[in-house]
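Since the structure comes first, as structure tokens, the remarks are kept for the end.
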Amino acid sequence: MSSIQVTLPDGSRQSFPAGTRPIDVARAISPRLAKEAIVARVNGELYDLTRPLESDAKVEILTPKDPEALEVYRHSAAHLMAAAVLELFPDTKLGIGPATENGFYYDFKRDTPFTPEDLQKIEEKMRELQARDLPYERKLTPKEEGLRKYAEMGEHMKCELIQERAGEVFSEYTLGPHFIDFCRGPHVPSSSYIKAFKVLSLAGAYWRGDEKGDQMQRIYGTAFFTQKELEDYLRQLEEAKKRDHRKLGKELDLFSIQELAGPGLIFFHPKGAIVRKILEDWMREQCLARGYQPVYTPHVARADLWKTSGHYNFYAENMFTRMSLDDAEYQLKPMNCPFHILIYQDRLRSYRDLPVRLAELGTVYRYERSGVMHGLMRVRGFTQDDAHIFCTPEQIEDEVVGCLQFAIDVLHTFGFEDYSAELSTWDGGASGKYDGSADQWQLAENALRRATERLNLKVKVMPDEAAFYGPKIDVKLVDAIGRLWQLSTVQFDFTLPRRFGLEYIGEDGKAHQP
């Protein structure tokens, strides 16, 4: 029988028979590691613990200490919930069921609405299936065969996904006698691995987020490695309900959402307006003190502006429907960027004028679907404390430091001492989806990195998470009950200056792009 060489994280190599599984490697290292194992990383790819190794490989066993392990665990919990739903309600059709930051969900298509009593039954069935120690079995299926099978099952949504995403052969996972799903995996070995879980809530959704698509019922749940972690999280949810801003807003008479006016549109009452004015006045004073120049811009503009900026094509689904007036089509603004660009562009600039810092508390409008709006958190009209800085390449780093320090000072002023930062970078140009040259990306990313170092700001690098037009730094705060909220973003933009043909006259007397 042939053998393979397995390289472990410490660099050591061991010989195993071909077909050895990662769980077997874990057992060879130590029984304790095998007991704690959730998933494996094989040559950089996440693998089921029970998936055979056919050739030499670098193998790492992931346990609850590894962030990727929790994501796999929760994805498996989503499959467990779907299997329970199919056992209880066999006519249900499956959508998607991913892990999320705090748990998981699964989208179901079913003519009859689920009830709170149904959610309780689903959780009870999940516990029954968990106790049966059902294996998550990976199967490889030819694409054409899979399409026929799912079509016969009436699973047209799965057919759509397979048609789009599957190669000539794709993977499926089964769990119990009724559940099978097109899924890349990986998963835990069996249902008994999922120790602590809870079905949480029900919401409406659309297939693939398209309001013209099938209406779905989304069931949310969560799962943790231990019962204590689950109980702590559930207590956190209860604390969050007590602090729910929608509840406080009504009790304190701060704001309301009026049904006659429409969802996602906020009415600030006198008390709320006073609070808002205090915040806005303070922010304006801070902007002036830091060298920002205040501007005011319209709420609407010709569609031609959005064509030039690129939003007309790339952001259209998040914008309100265009209005046809007597001279042109107009559109409510979803962001302030093009307006500040036009102010900069209104006169010739010299390198001596830079940096130009423009700031506005600008109200913008975005078409959020009815199912995702949430109090003040997801709305259709909101006011941003927004700024745009036009500078030379030599000024970038200092300007980023200033922006980050501003964001940190705001957090400290409002009593937030616990925060983190993420630096989103490109993929080196491999995908072709990012705008700008390699030199521009290197200049921008290095400037952002050095800025965080100068401020001793711990930053997590997020590869291939940048916007298509440049890298960014997101500053996230942790609230009183441990929830993470993204607030400030320092975003680099190569694209808009080029689209609008922005220039300044450099020290050499020539025109340059800021």
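Here, A, B, ... name the chains of the structure tokens in the order displayed, residue numbers run from 1 inside each chain, and ligands are numbered from 1 in the same displayed order.
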Strand (DSSP E) residues, from DSSP on the backbone, in stretch 203-234 of chain A, as a PyMOL selection string
chain A and resi 203-206+215-224
Take the residues from that selection and write them out as a compact mmCIF listing (two decimals), in the first residue's frame, keeping C-alpha atoms.
```txt
# COMPACT_ATOMS: atom_id res chain seq x y z
CA ALA A 203 -37.71 36.85 9.62
CA GLY A 204 -38.78 37.36 6.04
CA ALA A 205 -36.26 37.35 3.20
CA TYR A 206 -36.02 37.19 -0.57
CA GLN A 215 -40.20 35.01 -0.75
CA MET A 216 -38.35 33.02 1.88
CA GLN A 217 -38.66 32.44 5.60
CA ARG A 218 -35.32 32.90 7.36
CA ILE A 219 -34.77 31.11 10.66
CA TYR A 220 -31.90 32.40 12.77
CA GLY A 221 -29.99 30.38 15.33
CA THR A 222 -26.69 30.35 17.14
CA ALA A 223 -24.24 27.72 18.32
CA PHE A 224 -21.21 27.70 20.61
```
With a cut-off of 10 Å, could you pull out the residues of stretch 9-63 of chain A touching stretch 138-156 of chain A and give me the nearest pair of atoms for each, distance in Å to one decimal, using only C-alpha atoms, ordered by chain and ascending number, as a Markdown table?
```
| residue | atom | partner | partner_atom | distance |
| --- | --- | --- | --- | --- |
| A:Asp48 | CA | A:Arg138 | CA | 8.6 |
| A:Thr50 | CA | A:Arg138 | CA | 9.0 |
| A:Arg51 | CA | A:Arg138 | CA | 8.0 |
```
Neighbouring residues of A:His245 were defined as those with any atom within 12 Å, considering only C-alpha atoms; residues of the same chain fewer than 3 positions away were excluded. Please report them as a list in words.
Glu239, Ala240, Lys241, Lys242, Leu248, Gly249, Lys250, Glu251, Leu252, Asp253, Leu254, Phe255, Ser256, His374, Gly375, Leu376 and Met377 of chain A
Output of the above residues as an mmCIF file, in the first residue's frame, restricted to C-alpha atoms:
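Wrote it out as again_11.cif, contents follow:
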```
data_model
loop_
_atom_site.group_PDB
_atom_site.id
_atom_site.type_symbol
_atom_site.label_atom_id
_atom_site.label_comp_id
_atom_site.auth_asym_id
_atom_site.auth_seq_id
_atom_site.Cartn_x
_atom_site.Cartn_y
_atom_site.Cartn_z
ATOM 1 C CA GLU A 239 -29.249 42.925 27.905
ATOM 2 C CA ALA A 240 -29.370 44.192 24.329
ATOM 3 C CA LYS A 241 -33.185 44.103 24.416
ATOM 4 C CA LYS A 242 -33.168 46.281 27.535
ATOM 5 C CA LEU A 248 -35.546 53.833 24.483
ATOM 6 C CA GLY A 249 -36.404 56.204 21.648
ATOM 7 C CA LYS A 250 -40.109 55.713 22.302
ATOM 8 C CA GLU A 251 -39.845 55.808 26.100
ATOM 9 C CA LEU A 252 -37.759 59.012 26.053
ATOM 10 C CA ASP A 253 -39.755 60.584 23.193
ATOM 11 C CA LEU A 254 -36.634 61.036 21.046
ATOM 12 C CA PHE A 255 -37.720 59.866 17.587
ATOM 13 C CA SER A 256 -40.345 57.932 15.670
ATOM 14 C CA HIS A 374 -33.939 48.340 11.672
ATOM 15 C CA GLY A 375 -34.673 51.430 13.781
ATOM 16 C CA LEU A 376 -31.875 53.977 13.374
ATOM 17 C CA MET A 377 -29.386 51.300 12.264
#
```
Find the distance between atom CA of A:His75 and atom CA of A:Ser431 and write it in Å to one decimal.
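Atom-to-atom, atom CA of A:His75 and atom CA of A:Ser431 are spaced 26.8 Å apart.
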Proximity to A:Phe339 - best of A:Ala196, A:Leu443, A:Thr413, A:Phe500, only C-alpha atoms
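Selected residue with least distance to A:Phe339: A:Phe500.
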12 Å contact set for stretch 303-312 of chain A, only C-alpha atoms, chain neighbours under 3 positions out, as a PyMOL selection string
chain A and resi 300+315-325+327-342+366+468-469+493-501
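Considering only C-alpha atoms, the residue among A:Leu477, A:Leu8, A:Gly432, A:Arg483 positioned nearest to A:His412 is A:Leu477.
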